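This is model-v2.txt. It holds compact mmCIF, C-alpha atoms (C1' of nucleotides).
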```
# COMPACT_ATOMS: atom_id res chain seq x y z
CA MET A 201 -21.49 19.05 -11.35
CA PRO A 202 -18.10 17.86 -12.60
CA ARG A 203 -16.27 20.15 -14.96
CA ARG A 204 -14.26 19.30 -18.10
CA THR A 205 -10.67 20.47 -17.80
CA ARG A 206 -7.47 20.03 -19.74
CA GLN A 207 -5.91 18.22 -16.79
CA GLY A 208 -8.74 15.81 -16.28
CA THR A 209 -8.90 14.86 -19.94
CA LEU A 210 -5.15 14.39 -20.13
CA ILE A 211 -5.03 12.14 -17.09
CA LEU A 212 -7.89 10.03 -18.33
CA GLU A 213 -6.33 9.69 -21.78
CA THR A 214 -2.91 8.89 -20.39
CA ILE A 215 -4.17 6.05 -18.26
CA ARG A 216 -6.39 4.79 -21.05
CA LYS A 217 -3.59 4.66 -23.58
CA ALA A 218 -1.11 3.00 -21.22
CA LYS A 219 -0.72 -0.69 -21.82
CA ARG A 220 0.22 -1.48 -18.25
CA PRO A 221 -0.88 -0.35 -14.79
CA LEU A 222 0.69 2.96 -13.80
CA THR A 223 1.56 4.37 -10.42
CA PRO A 224 0.38 7.93 -9.73
CA ALA A 225 3.99 9.05 -10.05
CA GLU A 226 4.40 7.38 -13.46
CA LEU A 227 1.11 8.80 -14.57
CA HIS A 228 2.12 12.25 -13.40
CA SER A 229 5.51 12.24 -15.06
CA THR A 230 4.01 10.99 -18.31
CA ALA A 231 1.33 13.65 -18.24
CA LEU A 232 3.90 16.34 -17.49
CA LYS A 233 5.01 16.12 -21.11
CA GLU A 234 1.67 17.63 -22.12
CA ILE A 235 1.09 19.99 -19.23
CA PRO A 236 4.48 20.86 -17.76
CA ASN A 237 3.17 22.39 -14.54
CA LEU A 238 0.58 19.74 -13.78
CA GLY A 239 0.46 19.16 -10.06
CA LEU A 240 0.97 15.75 -8.53
CA ALA A 241 -1.99 16.38 -6.23
CA THR A 242 -4.20 16.97 -9.25
CA THR A 243 -3.11 13.64 -10.64
CA TYR A 244 -4.04 11.96 -7.38
CA ARG A 245 -7.41 13.70 -7.28
CA HIS A 246 -8.32 12.59 -10.77
CA VAL A 247 -7.10 9.06 -10.45
CA LYS A 248 -9.01 8.72 -7.21
CA ALA A 249 -12.18 10.04 -8.83
CA LEU A 250 -11.77 7.70 -11.79
CA ALA A 251 -11.31 4.80 -9.41
CA GLU A 252 -14.49 5.74 -7.55
CA GLN A 253 -16.39 5.75 -10.84
CA SER A 254 -14.79 2.38 -11.63
CA VAL A 255 -13.36 3.83 -14.82
CA VAL A 256 -9.99 2.61 -13.61
CA VAL A 257 -9.06 0.11 -10.91
CA GLY A 258 -6.27 0.33 -8.41
CA VAL A 259 -4.21 -2.77 -7.92
CA ASP A 260 -1.90 -3.14 -4.94
CA TYR A 261 1.19 -5.26 -4.87
CA PRO A 262 3.28 -5.89 -1.79
CA GLY A 263 5.72 -3.09 -1.07
CA GLN A 264 4.83 -1.15 -4.17
CA PRO A 265 2.66 1.89 -4.70
CA THR A 266 -0.82 1.35 -6.03
CA ARG A 267 -1.01 1.06 -9.79
CA TYR A 268 -4.04 2.04 -11.77
CA GLU A 269 -5.24 0.45 -14.94
CA TRP A 270 -8.05 1.08 -17.36
CA VAL A 271 -11.12 -1.07 -16.90
CA ASP A 272 -11.86 -2.70 -20.21
CA GLY A 273 -14.08 -5.45 -18.92
CA GLN A 274 -11.24 -7.91 -19.25
CA ASP A 275 -9.90 -8.62 -15.80
CA LYS A 276 -6.30 -9.57 -15.60
CA THR A 277 -4.21 -12.05 -13.75
CA HIS A 278 -0.92 -11.01 -12.22
CA PHE A 279 2.06 -12.80 -10.78
CA THR A 280 4.17 -11.40 -7.98
CA CYS A 281 7.56 -12.81 -7.13
CA ARG A 282 7.94 -13.33 -3.39
CA ALA A 283 11.67 -12.76 -3.64
CA CYS A 284 12.19 -9.77 -5.90
CA ASP A 285 8.63 -8.35 -5.79
CA LYS A 286 8.63 -7.93 -9.54
CA LEU A 287 5.31 -7.92 -11.22
CA PHE A 288 4.34 -10.00 -14.21
CA ALA A 289 1.18 -9.97 -16.25
CA LEU A 290 -0.07 -13.40 -17.14
CA ASP A 291 -1.56 -13.89 -20.53
CA ILE A 292 -4.47 -15.96 -19.40
CA ASN A 293 -8.02 -15.69 -20.49
CA GLN A 294 -9.39 -15.14 -17.06
CA SER A 295 -13.07 -15.38 -17.85
CA ASP A 296 -12.49 -18.98 -18.84
CA GLU A 297 -10.35 -19.72 -15.85
CA LEU A 298 -12.00 -17.94 -12.97
CA PRO A 299 -14.24 -19.78 -10.59
CA ASN A 300 -17.89 -18.96 -10.59
CA LEU A 301 -18.26 -17.81 -7.03
CA GLU A 302 -21.38 -18.17 -5.01
CA MET A 303 -21.55 -14.97 -3.04
CA PRO A 304 -23.49 -14.47 0.17
CA PRO A 305 -26.72 -12.51 -0.39
CA GLY A 306 -26.33 -8.76 -0.85
CA PHE A 307 -22.84 -8.92 -2.29
CA VAL A 308 -22.50 -7.66 -5.82
CA VAL A 309 -19.39 -8.69 -7.71
CA SER A 310 -18.07 -6.20 -10.22
CA GLY A 311 -14.69 -7.67 -10.93
CA GLY A 312 -11.92 -9.81 -9.72
CA GLU A 313 -8.20 -9.86 -9.36
CA PHE A 314 -6.23 -13.01 -9.19
CA ILE A 315 -2.78 -12.63 -7.75
CA VAL A 316 -0.44 -15.54 -7.94
CA TYR A 317 2.51 -15.61 -5.59
CA GLY A 318 5.64 -17.51 -6.24
CA PHE A 319 9.13 -17.23 -7.56
CA CYS A 320 10.10 -15.92 -10.94
CA PRO A 321 12.75 -17.51 -13.19
CA ASN A 322 15.45 -15.21 -11.84
CA CYS A 323 14.74 -16.04 -8.21
CA SER A 324 13.88 -19.73 -8.22
CA MET B 87 22.83 -16.72 12.56
CA PRO B 88 19.39 -15.62 13.72
CA ARG B 89 18.84 -15.38 17.44
CA ARG B 90 15.85 -16.40 19.53
CA THR B 91 14.41 -13.47 21.42
CA ARG B 92 11.34 -12.79 23.50
CA GLN B 93 10.15 -10.22 20.98
CA GLY B 94 10.59 -12.44 17.97
CA THR B 95 8.76 -15.33 19.58
CA LEU B 96 5.92 -13.08 20.72
CA ILE B 97 5.41 -11.57 17.29
CA LEU B 98 5.43 -14.95 15.61
CA GLU B 99 2.96 -16.37 18.13
CA THR B 100 0.69 -13.35 17.93
CA ILE B 101 0.37 -13.55 14.20
CA ARG B 102 -0.02 -17.30 14.29
CA LYS B 103 -2.84 -17.21 16.83
CA ALA B 104 -4.72 -14.41 15.09
CA LYS B 105 -7.67 -15.61 13.08
CA ARG B 106 -7.55 -12.76 10.62
CA PRO B 107 -4.83 -10.81 8.79
CA LEU B 108 -3.27 -8.12 10.99
CA THR B 109 -1.68 -4.81 10.11
CA PRO B 110 1.71 -4.13 11.68
CA ALA B 111 -0.01 -1.60 13.94
CA GLU B 112 -2.59 -4.12 15.12
CA LEU B 113 0.11 -6.68 15.61
CA HIS B 114 2.15 -4.22 17.61
CA SER B 115 -0.63 -3.09 19.89
CA THR B 116 -1.64 -6.69 20.54
CA ALA B 117 1.90 -7.67 21.35
CA LEU B 118 2.29 -4.65 23.62
CA LYS B 119 0.13 -6.47 26.19
CA GLU B 120 2.95 -8.94 26.66
CA ILE B 121 5.95 -6.69 26.22
CA PRO B 122 4.85 -3.15 27.11
CA ASN B 123 7.85 -1.38 25.64
CA LEU B 124 8.04 -3.36 22.41
CA GLY B 125 9.06 -1.04 19.60
CA LEU B 126 7.00 -0.64 16.48
CA ALA B 127 10.14 -0.86 14.37
CA THR B 128 10.92 -4.24 15.92
CA THR B 129 7.48 -5.43 14.91
CA TYR B 130 8.13 -4.32 11.36
CA ARG B 131 11.51 -5.97 11.29
CA HIS B 132 10.12 -9.30 12.43
CA VAL B 133 7.07 -9.29 10.24
CA LYS B 134 9.24 -8.46 7.26
CA ALA B 135 11.62 -11.29 8.07
CA LEU B 136 8.73 -13.73 8.49
CA ALA B 137 7.31 -12.65 5.17
CA GLU B 138 10.67 -13.22 3.49
CA GLN B 139 10.75 -16.73 4.89
CA SER B 140 7.18 -17.19 3.67
CA VAL B 141 6.08 -18.00 7.20
CA VAL B 142 3.51 -15.27 6.80
CA VAL B 143 2.17 -13.52 3.73
CA GLY B 144 1.38 -9.88 3.28
CA VAL B 145 -1.87 -9.04 1.59
CA ASP B 146 -2.57 -5.57 0.26
CA TYR B 147 -5.97 -4.05 -0.11
CA PRO B 148 -6.59 -0.72 -1.79
CA GLY B 149 -6.04 2.20 0.52
CA GLN B 150 -5.28 0.07 3.52
CA PRO B 151 -2.02 -0.88 5.15
CA THR B 152 -0.59 -4.29 4.40
CA ARG B 153 -2.02 -7.07 6.53
CA TYR B 154 -0.08 -10.18 7.37
CA GLU B 155 -1.50 -13.61 7.88
CA TRP B 156 -0.14 -16.96 8.85
CA VAL B 157 0.57 -19.32 5.97
CA ASP B 158 -1.23 -22.56 6.70
CA GLY B 159 -1.26 -23.91 3.20
CA GLN B 160 -4.89 -22.95 2.82
CA ASP B 161 -5.05 -19.87 0.66
CA LYS B 162 -7.97 -17.59 1.21
CA THR B 163 -10.35 -15.62 -0.89
CA HIS B 164 -11.22 -12.07 0.05
CA PHE B 165 -13.83 -9.58 -0.99
CA THR B 166 -13.22 -5.84 -1.05
CA CYS B 167 -16.05 -3.36 -1.30
CA ARG B 168 -15.33 -0.68 -3.88
CA ALA B 169 -17.42 1.82 -1.96
CA CYS B 170 -16.49 1.45 1.71
CA ASP B 171 -13.22 -0.50 1.29
CA LYS B 172 -14.24 -2.96 3.96
CA LEU B 173 -12.71 -6.35 3.79
CA PHE B 174 -14.60 -9.61 3.94
CA ALA B 175 -13.28 -13.12 4.08
CA LEU B 176 -15.14 -15.52 1.86
CA ASP B 177 -15.71 -19.00 3.12
CA ILE B 178 -14.89 -20.74 -0.06
CA ASN B 179 -12.87 -23.84 -0.52
CA GLN B 180 -10.36 -22.26 -2.80
CA SER B 181 -8.50 -25.35 -3.85
CA ASP B 182 -11.67 -26.60 -5.49
CA GLU B 183 -12.45 -23.28 -7.09
CA LEU B 184 -9.13 -21.98 -8.27
CA PRO B 185 -8.10 -22.36 -11.86
CA ASN B 186 -5.24 -24.64 -12.61
CA LEU B 187 -2.90 -22.13 -14.20
CA GLU B 188 -0.44 -22.98 -16.87
CA MET B 189 2.57 -20.91 -15.96
CA PRO B 190 5.33 -19.91 -18.36
CA PRO B 191 8.51 -21.94 -17.83
CA GLY B 192 10.61 -20.96 -14.81
CA PHE B 193 7.76 -19.62 -12.74
CA VAL B 194 7.10 -21.45 -9.51
CA VAL B 195 3.73 -20.89 -7.91
CA SER B 196 3.66 -21.03 -4.12
CA GLY B 197 0.24 -19.61 -3.49
CA GLY B 198 -2.52 -17.45 -4.72
CA GLU B 199 -4.79 -14.70 -3.62
CA PHE B 200 -8.12 -14.16 -5.19
CA ILE B 201 -9.55 -10.73 -4.58
CA VAL B 202 -13.10 -10.08 -5.58
CA TYR B 203 -14.19 -6.48 -6.05
CA GLY B 204 -17.74 -5.33 -5.76
CA PHE B 205 -20.24 -3.81 -3.43
CA CYS B 206 -21.16 -5.10 -0.03
CA PRO B 207 -24.74 -5.29 1.29
CA ASN B 208 -24.41 -1.90 3.00
CA CYS B 209 -23.24 -0.12 -0.13
CA SER B 210 -25.19 -1.74 -2.93
C1' DA C 91 33.25 -11.59 24.33
C1' DT C 92 30.75 -10.50 20.39
C1' DA C 93 27.55 -10.34 16.78
C1' DG C 94 22.92 -9.78 16.20
C1' DG C 95 18.55 -7.62 18.38
C1' DT C 96 16.09 -3.70 20.49
C1' DG C 97 14.06 0.87 21.35
C1' DC C 98 13.89 5.37 20.24
C1' DA C 99 13.84 9.12 17.17
C1' DA C 100 14.69 10.85 12.85
C1' DA C 101 14.23 10.11 7.99
C1' DC C 102 11.46 8.57 4.00
C1' DA C 103 7.84 7.58 0.63
C1' DG C 104 3.27 7.80 -0.78
C1' DT C 105 -0.90 10.24 -0.36
C1' DT C 106 -4.13 13.83 1.31
C1' DT C 107 -5.56 18.43 2.47
C1' DG C 108 -5.83 23.70 3.11
C1' DC C 109 -5.91 27.64 0.77
C1' DA C 110 -5.39 31.41 -2.51
C1' DT C 111 -5.81 31.70 -7.40
C1' DG C 112 -7.53 30.27 -11.89
C1' DT C 113 -11.20 28.86 -15.09
C1' DA C 114 -15.23 26.24 -17.09
C1' DT C 115 -19.85 26.80 -16.91
C1' DA D 199 -20.76 35.42 -11.48
C1' DT D 200 -19.99 31.46 -9.11
C1' DA D 201 -18.76 27.24 -7.93
C1' DC D 202 -15.52 23.70 -9.00
C1' DA D 203 -10.55 22.77 -10.35
C1' DT D 204 -5.65 23.71 -9.88
C1' DG D 205 -0.95 24.25 -8.00
C1' DC D 206 1.78 24.65 -4.29
C1' DA D 207 3.25 23.56 0.20
C1' DA D 208 2.33 21.67 4.46
C1' DA D 209 0.39 17.86 6.94
C1' DC D 210 -0.35 12.86 7.56
C1' DT D 211 0.31 7.88 7.56
C1' DG D 212 2.77 3.90 6.96
C1' DT D 213 7.38 2.12 6.84
C1' DT D 214 12.51 2.12 7.14
C1' DT D 215 16.92 3.33 9.05
C1' DG D 216 20.86 5.09 12.14
C1' DC D 217 22.69 4.50 16.31
C1' DA D 218 23.77 3.65 21.18
C1' DC D 219 22.48 0.19 24.33
C1' DC D 220 21.13 -4.58 25.43
C1' DT D 221 21.27 -9.74 25.38
C1' DA D 222 21.37 -14.48 23.53
C1' DT D 223 24.88 -17.22 22.09
```

As structure tokens, what does this structure read like?
Amino acid sequence: MPRRTRQGTLILETIRKAKRPLTPAELHSTALKEIPNLGLATTYRHVKALAEQSVVVGVDYPGQPTRYEWVDGQDKTHFTCRACDKLFALDINQSDELPNLEMPPGFVVSGGEFIVYGFCPNCS
Amino acid sequence: MPRRTRQGTLILETIRKAKRPLTPAELHSTALKEIPNLGLATTYRHVKALAEQSVVVGVDYPGQPTRYEWVDGQDKTHFTCRACDKLFALDINQSDELPNLEMPPGFVVSGGEFIVYGFCPNCS
DNA sequence: ATAGGTGCAAACAGTTTGCATGTAT
DNA sequence: ATACATGCAAACTGTTTGCACCTAT
């Protein structure tokens, strides 16, 4: 059975309170303020467990480490610049915009991620 | 000025002929059949250059190395299983299904990637 | 001839794992 | 008391880079 620990609670709270997706390193260094000797491996173990429980989701962008964000039922749309690889969050109500996919039998959809590629104002 | 080489041509052709996204390692081992001493670093250098020119696109899936696929104007929709991380290509006419996004000024959209998360028949 | 490309090996970055110790239950 | 959790360091994997040699221009 899983066990409640200071570290686990802190990591969960940190990622929940963040208003943007965090890399494990960002998560770790933020959490260090509360528990100064928190191990990076512990951070990875918790974030991985949370992702397996679908409490958080990992999102991957080209050339950047995986970022994790809290699952609040509201899926998000992101924009990646092909030139500078910067990441932008688009303020779009995705549930209105997303296609209603017909999945092959046996596939259960639990969420979606729409990544738009292109060039940002600085690079176009 | 860029120079035409056997290696560069081979890597471009290999990725173009592939019918699914390839990791640099897959690309390399395929190309090895033609040029047995082709270096892995050379493969990376070419694939990176092709991606910068938008001749290919890199797609990242959680926990897996970046895969590169030929850009043929037809963007694809993929499905990732949250449990086994396997990757499935969905046969969906994306141009019909994709939302018509209103982008903030200055952003130029050149493509999109729709990733659906969920559970595949084996895992659900 | 010469600048860019190649192969190899070493360096790097992100992530995972082994293990002795600590700690919720 | 006993298993699970932690911290540290070492191991791994994927990717990049330095450099001497090679080759298309």

Problem set entry | Expected answer as number ranges by chain: chain A residues within 10 Å of chain D, only C-alpha atoms (C1' of nucleotides) | A: 201-205, 207-208, 237-242, 263

For this session: Pick out the chain C residues within 8 Å of chain A. Count all atoms listed in the file. Give them as a PyMOL selection string.
Result: chain C and resi 104-105+114-115

Writer output for current selection, C-alpha atoms (C1' of nucleotides), as a PDB file, keeping the file's coordinate frame:
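Saved the output as selection_15.pdb:
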```
ATOM      1  C1'  DG C 104       3.270   7.800  -0.780  1.00  0.00           C
ATOM      2  C1'  DT C 105      -0.900  10.240  -0.360  1.00  0.00           C
ATOM      3  C1'  DA C 114     -15.230  26.240 -17.090  1.00  0.00           C
ATOM      4  C1'  DT C 115     -19.850  26.800 -16.910  1.00  0.00           C
TER       5       DT C 115
END
```

Chain B near chain A within 6 Å: what's each residue's closest atom pair and its distance in Å to one decimal, counting all atoms listed in the file, ordered by chain then ascending residue number, as CSV?
```
residue,atom,partner,partner_atom,distance
B:Asp146,CA,A:Asp260,CA,5.8
B:Glu183,CA,A:Pro299,CA,5.3
B:Pro185,CA,A:Glu297,CA,5.3
B:Gly192,CA,A:Pro321,CA,4.4
B:Phe193,CA,A:Cys320,CA,4.7
B:Val194,CA,A:Phe319,CA,5.1
B:Val195,CA,A:Gly318,CA,4.2
B:Ser196,CA,A:Gly318,CA,4.6
B:Gly197,CA,A:Tyr317,CA,5.1
B:Gly198,CA,A:Val316,CA,4.3
B:Glu199,CA,A:Ile315,CA,5.0
B:Phe200,CA,A:Phe314,CA,4.6
B:Ile201,CA,A:Glu313,CA,5.0
B:Val202,CA,A:Gly312,CA,4.3
B:Tyr203,CA,A:Gly311,CA,5.0
B:Gly204,CA,A:Val309,CA,4.2
B:Phe205,CA,A:Val308,CA,5.1
B:Cys206,CA,A:Phe307,CA,4.7
B:Pro207,CA,A:Gly306,CA,4.4
```

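Distance-wise, CA of Ile211 in chain A and CA of Asp272 in chain A end up 16.6 Å apart.
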
Taking all atoms of range 143-151 of chain B that appear in the file, build a box with edges along x, y and z, extend it by 3 Å on every side, and state its centre and edge lengths in Å to one decimal, as AutoDock Vina command-line options.
```
--center_x -2.2 --center_y -5.7 --center_z 1.7 --size_x 14.8 --size_y 21.7 --size_z 12.9
```

Problem set entry | Within 12 Å of Ile215 in chain A using all atoms listed in the file, minus same-chain residues under 4 positions, as JSON, numbers by chain | {"A": [208, 209, 210, 211, 219, 220, 221, 222, 223, 224, 225, 226, 227, 228, 229, 230, 231, 243, 246, 247, 250, 251, 255, 256, 257, 258, 267, 268, 269, 270, 271, 272]}

For this session: Work out how far apart CA of Leu212 in chain A and CA of Ala249 in chain A are and give it in Å to one decimal.
Result: 10.4 Å

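The coordinates place CA of Lys248 in chain A at 28.9 Å from CA of Lys134 in chain B.
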